[in-house]
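Undergrad: See input.cif below, with mmCIF, C-alpha atoms.
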```
data_final
#
loop_
_atom_site.label_atom_id
_atom_site.label_comp_id
_atom_site.auth_asym_id
_atom_site.auth_seq_id
_atom_site.Cartn_x
_atom_site.Cartn_y
_atom_site.Cartn_z
CA MET A 7 69.54 34.71 77.71
CA ASP A 8 69.80 37.00 80.75
CA ASP A 9 72.00 40.06 81.13
CA ALA A 10 74.34 38.43 83.66
CA PHE A 11 75.20 35.61 81.25
CA ARG A 12 75.68 38.09 78.42
CA ARG A 13 78.12 40.17 80.53
CA PHE A 14 80.00 36.99 81.42
CA ALA A 15 80.18 35.89 77.77
CA GLU A 16 81.38 39.33 76.63
CA GLN A 17 84.35 39.09 79.02
CA CYS A 18 85.01 35.37 78.58
CA PRO A 19 88.33 34.41 76.89
CA ASP A 20 86.55 31.50 75.17
CA ALA A 21 84.56 31.60 71.94
CA VAL A 22 80.94 31.51 73.18
CA LEU A 23 77.99 30.61 70.98
CA VAL A 24 74.41 30.30 72.20
CA THR A 25 71.72 28.61 70.11
CA GLY A 26 68.06 27.96 70.59
CA LEU A 27 66.76 24.41 70.85
CA ASP A 28 66.38 24.46 67.07
CA GLY A 29 70.14 24.92 66.74
CA ARG A 30 69.97 28.47 65.36
CA ILE A 31 72.51 30.91 66.71
CA GLU A 32 71.11 33.62 68.99
CA TYR A 33 74.37 35.01 70.36
CA ALA A 34 78.08 35.07 69.45
CA ASN A 35 80.65 36.83 71.62
CA PRO A 36 83.56 38.97 70.31
CA VAL A 37 85.99 36.01 70.50
CA VAL A 38 83.81 34.10 68.01
CA GLU A 39 83.96 37.07 65.64
CA ARG A 40 87.75 37.29 65.98
CA VAL A 41 88.34 33.55 65.53
CA THR A 42 85.91 32.86 62.68
CA GLY A 43 86.04 36.13 60.76
CA TYR A 44 82.24 36.35 60.81
CA ALA A 45 80.48 39.32 62.38
CA ALA A 46 77.91 38.33 64.97
CA ALA A 47 75.19 39.73 62.72
CA GLU A 48 76.23 37.25 60.00
CA LEU A 49 75.86 34.33 62.40
CA ILE A 50 72.59 35.21 64.15
CA GLY A 51 69.77 33.10 62.76
CA ARG A 52 72.16 30.62 61.12
CA THR A 53 73.20 27.26 62.53
CA PRO A 54 76.80 26.37 63.50
CA ALA A 55 76.87 24.34 60.28
CA ILE A 56 78.11 27.57 58.67
CA LEU A 57 81.47 26.71 60.29
CA LYS A 58 81.58 23.07 59.14
CA SER A 59 84.81 21.94 57.48
CA GLY A 60 83.64 18.58 56.17
CA ARG A 61 86.26 16.82 58.30
CA HIS A 62 83.73 15.16 60.63
CA GLU A 63 81.57 12.18 59.71
CA ALA A 64 77.82 12.10 60.27
CA ASP A 65 78.37 9.87 63.34
CA PHE A 66 80.21 12.75 65.03
CA TYR A 67 77.15 14.99 64.84
CA ARG A 68 74.79 12.16 65.80
CA ALA A 69 76.84 11.64 68.96
CA LEU A 70 76.76 15.39 69.65
CA TRP A 71 72.98 15.63 69.43
CA GLY A 72 72.53 12.37 71.30
CA GLU A 73 74.35 13.81 74.31
CA LEU A 74 72.62 17.21 74.20
CA LEU A 75 69.12 15.79 73.82
CA ALA A 76 69.82 13.53 76.79
CA GLY A 77 70.70 16.63 78.81
CA ARG A 78 74.41 15.90 78.91
CA GLU A 79 77.52 17.87 77.97
CA PHE A 80 79.40 17.07 74.74
CA ARG A 81 83.18 17.59 74.51
CA ALA A 82 85.38 17.21 71.43
CA VAL A 83 87.97 18.88 69.22
CA PHE A 84 86.12 20.43 66.28
CA ALA A 85 87.69 21.01 62.87
CA ASN A 86 85.93 24.11 61.50
CA ARG A 87 86.44 26.68 58.76
CA LYS A 88 86.72 30.43 59.03
CA LYS A 89 84.87 32.79 56.75
CA CYS A 90 88.00 32.99 54.57
CA GLY A 91 88.03 29.18 54.19
CA GLU A 92 91.00 28.58 56.47
CA LEU A 93 90.80 25.46 58.63
CA TYR A 94 91.03 25.83 62.40
CA TYR A 95 90.63 23.53 65.36
CA GLU A 96 88.73 24.25 68.53
CA GLU A 97 88.56 22.33 71.80
CA LYS A 98 84.93 22.82 72.62
CA PHE A 99 82.27 21.74 75.07
CA ILE A 100 78.56 22.23 74.51
CA ARG A 101 75.95 22.02 77.24
CA PRO A 102 72.24 22.69 77.67
CA LEU A 103 71.20 25.86 79.52
CA LEU A 104 68.36 25.08 81.91
CA ASP A 105 65.55 27.20 83.30
CA ALA A 106 64.42 27.22 86.94
CA ALA A 107 62.37 24.09 86.32
CA GLY A 108 65.35 22.23 84.92
CA ARG A 109 64.15 22.35 81.30
CA ALA A 110 66.63 23.08 78.51
CA THR A 111 66.00 26.44 76.86
CA HIS A 112 69.25 26.95 74.92
CA TYR A 113 72.57 25.31 74.11
CA ALA A 114 75.83 27.09 74.89
CA SER A 115 79.24 26.20 73.48
CA PHE A 116 82.62 27.31 74.80
CA GLY A 117 85.65 26.84 72.58
CA ARG A 118 89.41 27.40 72.82
CA ASP A 119 91.89 27.33 69.96
CA ALA A 120 93.55 23.93 69.54
CA THR A 121 94.97 24.44 66.05
CA ALA A 122 98.67 24.10 66.93
CA ARG A 123 98.09 20.90 68.91
CA ALA A 124 95.86 19.35 66.24
CA GLN A 125 98.33 20.20 63.49
CA GLU A 126 101.17 18.58 65.45
CA ILE A 127 99.09 15.42 65.91
CA GLU A 128 98.32 15.40 62.18
CA ARG A 129 102.02 15.85 61.40
CA LEU A 130 102.99 12.91 63.62
CA GLU A 131 100.23 10.73 62.16
CA ARG A 132 101.34 11.56 58.62
CA ALA A 133 104.97 10.85 59.49
CA ALA A 134 103.92 7.37 60.62
CA THR A 135 102.20 6.57 57.32
CA HIS A 136 104.13 8.52 54.66
CA ASP A 137 107.65 8.46 53.28
CA SER A 138 109.60 11.55 54.34
CA LEU A 139 111.49 11.96 51.04
CA THR A 140 108.66 11.58 48.51
CA ASP A 141 105.61 12.20 50.75
CA LEU A 142 104.05 9.07 49.26
CA PRO A 143 102.34 6.43 51.41
CA ASN A 144 104.92 4.17 53.03
CA ARG A 145 104.93 0.37 53.25
CA ARG A 146 102.62 0.34 56.27
CA LEU A 147 99.94 2.45 54.62
CA PHE A 148 100.37 0.59 51.31
CA LEU A 149 99.64 -2.75 53.00
CA ASP A 150 96.54 -1.30 54.66
CA ARG A 151 95.29 0.12 51.37
CA LEU A 152 95.97 -3.13 49.51
CA GLU A 153 93.93 -5.14 52.01
CA LEU A 154 91.10 -2.59 51.79
CA ALA A 155 91.20 -2.53 47.98
CA LEU A 156 91.06 -6.32 47.83
CA ARG A 157 88.05 -6.44 50.16
CA GLN A 158 86.25 -3.85 48.04
CA ALA A 159 87.13 -5.69 44.82
CA ALA A 160 85.80 -8.94 46.26
CA ARG A 161 82.53 -7.30 47.37
CA GLY A 162 82.01 -5.59 44.02
CA GLY A 163 83.25 -8.41 41.82
CA GLN A 164 85.79 -6.02 40.28
CA PRO A 165 89.34 -6.64 39.02
CA LEU A 166 92.42 -5.02 40.52
CA THR A 167 96.01 -4.73 39.37
CA LEU A 168 98.98 -4.68 41.71
CA ALA A 169 102.29 -3.47 40.27
CA LEU A 170 105.80 -3.17 41.67
CA LEU A 171 108.13 -0.59 40.16
CA ASP A 172 111.91 -0.66 40.55
CA LEU A 173 114.44 1.89 39.31
CA ASP A 174 116.94 0.59 36.76
CA ARG A 175 120.64 0.87 37.66
CA PHE A 176 119.84 3.16 40.59
CA ARG A 177 122.99 2.14 42.48
CA ASP A 178 125.11 3.22 39.52
CA ALA A 179 123.47 6.65 39.50
CA ASN A 180 124.05 7.02 43.24
CA ASN A 181 127.70 6.08 42.90
CA ARG A 182 128.32 8.38 39.94
CA TYR A 183 126.29 11.47 40.89
CA GLY A 184 125.95 11.13 44.67
CA HIS A 185 123.12 10.36 47.05
CA LEU A 186 121.52 13.79 46.73
CA ALA A 187 121.14 13.16 43.02
CA GLY A 188 119.67 9.76 43.85
CA ASP A 189 117.14 11.47 46.12
CA ALA A 190 116.22 13.81 43.28
CA VAL A 191 115.59 10.83 41.01
CA LEU A 192 113.38 9.16 43.63
CA GLN A 193 111.36 12.36 44.06
CA ALA A 194 111.01 12.74 40.29
CA VAL A 195 109.84 9.14 39.84
CA ALA A 196 107.32 9.60 42.66
CA ALA A 197 105.89 12.79 41.14
CA ARG A 198 105.88 11.47 37.55
CA THR A 199 104.19 8.24 38.56
CA GLN A 200 101.58 9.94 40.70
CA GLY A 201 100.78 12.23 37.80
CA CYS A 202 99.76 9.21 35.68
CA LEU A 203 97.23 7.85 38.16
CA ARG A 204 93.63 8.49 39.16
CA GLU A 205 92.63 9.70 42.61
CA THR A 206 91.39 6.19 43.42
CA ASP A 207 94.80 4.66 42.62
CA THR A 208 97.71 4.41 45.04
CA VAL A 209 101.44 4.73 44.52
CA ALA A 210 103.63 4.08 47.55
CA ARG A 211 107.34 3.97 48.26
CA ILE A 212 107.88 0.62 49.94
CA GLY A 213 111.67 0.34 49.87
CA GLY A 214 114.86 2.13 48.87
CA ASP A 215 114.17 2.38 45.14
CA GLU A 216 111.01 0.29 45.02
CA PHE A 217 107.48 1.59 44.56
CA ALA A 218 104.11 -0.17 44.54
CA LEU A 219 100.94 0.72 42.64
CA ILE A 220 97.37 -0.34 43.37
CA LEU A 221 94.96 0.13 40.45
CA PRO A 222 91.40 -0.70 41.60
CA GLY A 223 88.97 -1.70 38.85
CA ALA A 224 91.77 -2.26 36.32
CA ASP A 225 92.11 -5.52 34.42
CA GLU A 226 95.27 -6.22 32.40
CA PRO A 227 94.39 -4.16 29.29
CA ARG A 228 93.44 -1.10 31.36
CA ALA A 229 96.41 -1.49 33.66
CA ALA A 230 98.78 -1.97 30.70
CA ALA A 231 97.74 1.43 29.32
CA VAL A 232 98.38 3.13 32.67
CA LEU A 233 101.66 1.36 33.33
CA GLY A 234 102.85 2.08 29.81
CA LYS A 235 102.33 5.76 30.51
CA VAL A 236 104.20 5.45 33.82
CA LEU A 237 107.08 3.75 31.98
CA ALA A 238 107.24 6.47 29.33
CA GLU A 239 107.07 9.33 31.86
CA ASN A 240 110.00 7.89 33.79
CA CYS A 241 112.31 7.54 30.78
CA ALA A 242 113.40 11.18 30.81
CA ALA A 243 116.65 12.08 32.56
CA VAL A 244 116.36 13.96 35.85
CA ARG A 245 118.09 17.33 36.09
CA PHE A 246 120.31 17.69 39.14
CA GLY A 247 122.54 20.73 39.15
CA GLU A 248 124.61 20.55 35.98
CA HIS A 249 123.89 16.87 35.48
CA ALA A 250 121.21 14.99 33.59
CA VAL A 251 120.87 11.81 35.64
CA PRO A 252 119.60 8.86 33.53
CA SER A 253 116.28 7.42 34.67
CA SER A 254 114.20 4.41 33.73
CA VAL A 255 112.09 1.88 35.58
CA SER A 256 111.00 -1.74 35.39
CA ILE A 257 107.44 -2.68 36.31
CA GLY A 258 106.02 -6.07 37.21
CA ALA A 259 102.27 -6.54 37.58
CA CYS A 260 99.63 -9.12 38.36
CA CYS A 261 95.84 -9.07 38.39
CA TYR A 262 93.20 -9.97 40.93
CA PRO A 263 91.40 -12.36 40.81
CA ARG A 264 92.93 -13.88 37.69
CA ASP A 265 96.41 -14.49 39.11
CA GLY A 266 95.72 -14.65 42.84
CA ARG A 267 93.44 -13.48 45.63
CA GLY A 268 95.51 -12.85 48.75
CA ALA A 269 97.70 -9.79 49.35
CA ASP A 270 100.84 -11.82 50.05
CA GLU A 271 100.30 -14.02 47.00
CA LEU A 272 99.76 -11.04 44.70
CA ARG A 273 102.84 -9.25 46.04
CA ALA A 274 104.96 -12.36 45.36
CA LEU A 275 103.59 -12.66 41.81
CA ALA A 276 104.13 -8.96 41.05
CA ASP A 277 107.66 -9.26 42.41
CA ALA A 278 108.37 -12.22 40.12
CA ALA A 279 107.01 -10.25 37.16
CA MET A 280 109.11 -7.25 38.07
CA TYR A 281 112.32 -9.30 37.99
CA GLU A 282 111.21 -10.67 34.65
CA ALA A 283 110.88 -7.06 33.43
CA LYS A 284 114.40 -6.24 34.66
CA HIS A 285 116.02 -9.32 33.17
CA PRO A 286 116.46 -8.12 29.55
CA GLY A 287 117.85 -4.76 30.72
CA GLY A 288 114.82 -3.13 32.26
CA ASN A 289 112.72 -0.22 31.05
CA ARG A 290 109.71 -2.42 30.38
CA VAL A 291 106.43 -3.65 31.84
CA ALA A 292 105.85 -7.36 32.45
CA PHE A 293 102.63 -9.00 33.63
CA TYR A 294 102.80 -12.22 35.58
CA ARG A 295 102.56 -15.34 33.48
CA PRO A 296 102.44 -18.85 34.99
CA ALA A 297 105.57 -20.86 34.27
#
```
Do you think you could lay out the structure here as structure tokens?

TA:
Amino acid sequence: MDDAFRRFAEQCPDAVLVTGLDGRIEYANPVVERVTGYAAAELIGRTPAILKSGRHEADFYRALWGELLAGREFRAVFANRKKCGELYYEEKFIRPLLDAAGRATHYASFGRDATARAQEIERLERAATHDSLTDLPNRRLFLDRLELALRQAARGGQPLTLALLDLDRFRDANNRYGHLAGDAVLQAVAARTQGCLRETDTVARIGGDEFALILPGADEPRAAAVLGKVLAENCAAVRFGEHAVPSSVSIGACCYPRDGRGADELRALADAAMYEAKHPGGNRVAFYRPA
């Protein structure tokens, strides 16, 4: 790297990294130090993988190296991590540096902060797929996850339980304690239910006081244990100001592939089971049974 380029990089407002053809960092300008929290001496000899966040798939890096090895420029928004672990986003382009004969000798990257823009995009994307009150997946994301879970269950020959959960006498609580109290109950049910599930499970808010649960790999006995815990957790009253708002739920469930195979069919069966659970007064779990 010649002195003229180094002087340019030192004065450049962008974060400039230069690596050898082996991908090891040979130069980092002061902006890189300020943005990442790493001193240049900590970066020299390392690869840019030190900044990886884990947000990008392997295909992202394959595309990057495919372009560079073909002598072309690569542009993208990178999600990286600072030395302190904080996530940041950088709009970056990487290009080969060529010698007088046109052969690549180094790779140079130039990056500008794009954190605010990326976070706003993430916020809008989350708003489109999550319920604003409970922060649970909404109906749209639930339907996507159900279709995916059913495809995976079919490929693996595994069972799956779909459950619908409805709050008992929720309208009465709203009328007596007010809508803010009703919101508090919905948030409590969301948190309590989520706390009973595994990371691979899904609980979504799909209507006013209706929630849906997807339990991959769970046949009826396994699902009954989980749903029994959900039922018990949601029996406790919810504190709202000076009031203890009564809370209980009714849960209807059905199992794939025993009861049905399609998403629409399973939703209809779980709905029928849920109304069966509510019929004697609620606060119970009912699995679908053919008439």

Undergrad: Run through the PyMOL selection byres ((chain A and resi 106-123) around 8) on the given coordinates and return the selected residues as a PDB file with C-alpha atoms, keeping the file's coordinate frame.

TA:
```pdb
ATOM      1  CA  ASP A  20      86.550  31.500  75.170  1.00  0.00           C
ATOM      2  CA  ALA A  21      84.560  31.600  71.940  1.00  0.00           C
ATOM      3  CA  VAL A  22      80.940  31.510  73.180  1.00  0.00           C
ATOM      4  CA  LEU A  23      77.990  30.610  70.980  1.00  0.00           C
ATOM      5  CA  VAL A  24      74.410  30.300  72.200  1.00  0.00           C
ATOM      6  CA  THR A  25      71.720  28.610  70.110  1.00  0.00           C
ATOM      7  CA  GLY A  26      68.060  27.960  70.590  1.00  0.00           C
ATOM      8  CA  LEU A  27      66.760  24.410  70.850  1.00  0.00           C
ATOM      9  CA  GLY A  29      70.140  24.920  66.740  1.00  0.00           C
ATOM     10  CA  GLY A  77      70.700  16.630  78.810  1.00  0.00           C
ATOM     11  CA  VAL A  83      87.970  18.880  69.220  1.00  0.00           C
ATOM     12  CA  TYR A  94      91.030  25.830  62.400  1.00  0.00           C
ATOM     13  CA  TYR A  95      90.630  23.530  65.360  1.00  0.00           C
ATOM     14  CA  GLU A  96      88.730  24.250  68.530  1.00  0.00           C
ATOM     15  CA  GLU A  97      88.560  22.330  71.800  1.00  0.00           C
ATOM     16  CA  LYS A  98      84.930  22.820  72.620  1.00  0.00           C
ATOM     17  CA  PHE A  99      82.270  21.740  75.070  1.00  0.00           C
ATOM     18  CA  ILE A 100      78.560  22.230  74.510  1.00  0.00           C
ATOM     19  CA  ARG A 101      75.950  22.020  77.240  1.00  0.00           C
ATOM     20  CA  PRO A 102      72.240  22.690  77.670  1.00  0.00           C
ATOM     21  CA  LEU A 103      71.200  25.860  79.520  1.00  0.00           C
ATOM     22  CA  LEU A 104      68.360  25.080  81.910  1.00  0.00           C
ATOM     23  CA  ASP A 105      65.550  27.200  83.300  1.00  0.00           C
ATOM     24  CA  ALA A 124      95.860  19.350  66.240  1.00  0.00           C
ATOM     25  CA  GLN A 125      98.330  20.200  63.490  1.00  0.00           C
ATOM     26  CA  GLU A 126     101.170  18.580  65.450  1.00  0.00           C
ATOM     27  CA  ILE A 127      99.090  15.420  65.910  1.00  0.00           C
TER      28      ILE A 127
END
```

Undergrad: Point out the residue among A:Arg52, A:Arg264, A:Arg132, A:His62 with the least atom-to-atom distance to A:Leu147, counting only C-alpha atoms.

TA: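 The closest residue to A:Leu147 is A:Arg132.
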
Undergrad: Report, in Å with one decimal, the straight-line distance from atom CA of A:Leu171 to atom CA of A:Leu219.

TA: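 Distance between the two atoms: 7.7 Å.
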
Undergrad: Have a look at atom CA of A:Leu154 and atom CA of A:Ala231 and let me know their distance in Å, one decimal.

TA: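 Between these atoms lies a distance of 23.8 Å.
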
Undergrad: Between A:Gly60, A:Gly268, A:Gly72, A:Gly43, which has the minimum distance to A:Ala159 (counting all atoms listed in the file)?

TA: A:Gly268

Undergrad: Kindly resolve the PyMOL selection byres ((chain A and resi 276-287) around 12) on the present coordinates and return the residues as a PyMOL selection string.

TA: chain A and resi 167-175+216-220+237+254-262+265-266+269-275+288-297

Undergrad: Between A:Leu203, A:Ala187, A:Leu142, A:Val38, which has the minimum distance to A:Ala224 (counting all atoms listed in the file)?

TA: A:Leu203

Undergrad: What does the distance from atom CA of A:Val41 to atom CA of A:Arg13 come to in Å, to one decimal?

TA: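 Atom-to-atom, atom CA of A:Val41 to atom CA of A:Arg13, that is 19.3 Å.
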
Undergrad: Could you list, as an mmCIF file with C-alpha atoms, keeping the file's coordinate frame, every residue matched by the PyMOL selection byres ((chain A and resi 242) around 10) in this structure?

TA:
```
data_model
loop_
_atom_site.group_PDB
_atom_site.id
_atom_site.type_symbol
_atom_site.label_atom_id
_atom_site.label_comp_id
_atom_site.auth_asym_id
_atom_site.auth_seq_id
_atom_site.Cartn_x
_atom_site.Cartn_y
_atom_site.Cartn_z
ATOM 1 C CA ALA A 194 111.010 12.740 40.290
ATOM 2 C CA VAL A 195 109.840 9.140 39.840
ATOM 3 C CA LEU A 237 107.080 3.750 31.980
ATOM 4 C CA ALA A 238 107.240 6.470 29.330
ATOM 5 C CA GLU A 239 107.070 9.330 31.860
ATOM 6 C CA ASN A 240 110.000 7.890 33.790
ATOM 7 C CA CYS A 241 112.310 7.540 30.780
ATOM 8 C CA ALA A 243 116.650 12.080 32.560
ATOM 9 C CA VAL A 244 116.360 13.960 35.850
ATOM 10 C CA ARG A 245 118.090 17.330 36.090
ATOM 11 C CA ALA A 250 121.210 14.990 33.590
ATOM 12 C CA VAL A 251 120.870 11.810 35.640
ATOM 13 C CA PRO A 252 119.600 8.860 33.530
ATOM 14 C CA SER A 253 116.280 7.420 34.670
ATOM 15 C CA SER A 254 114.200 4.410 33.730
#
```

Undergrad: Using all atoms listed in the file, which of A:Leu70, A:Ala160, A:Ala45, A:Ala64 sits nearest A:Ala82?

TA: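 Using all atoms listed in the file, the shortest distance to A:Ala82 belongs to A:Leu70.
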
Undergrad: So, counting only C-alpha atoms, which residue among A:Leu221, A:Ala55, A:Leu233, A:Leu93 is closest to A:Thr199?

TA: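 Between A:Leu221, A:Ala55, A:Leu233, A:Leu93, the residue approaching A:Thr199 most closely is A:Leu233.
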
Undergrad: Have a look at A:Gln164, A:Cys202, A:Arg267, A:Leu192 and name the one nearest to A:Pro222; count only C-alpha atoms.

TA: A:Gln164
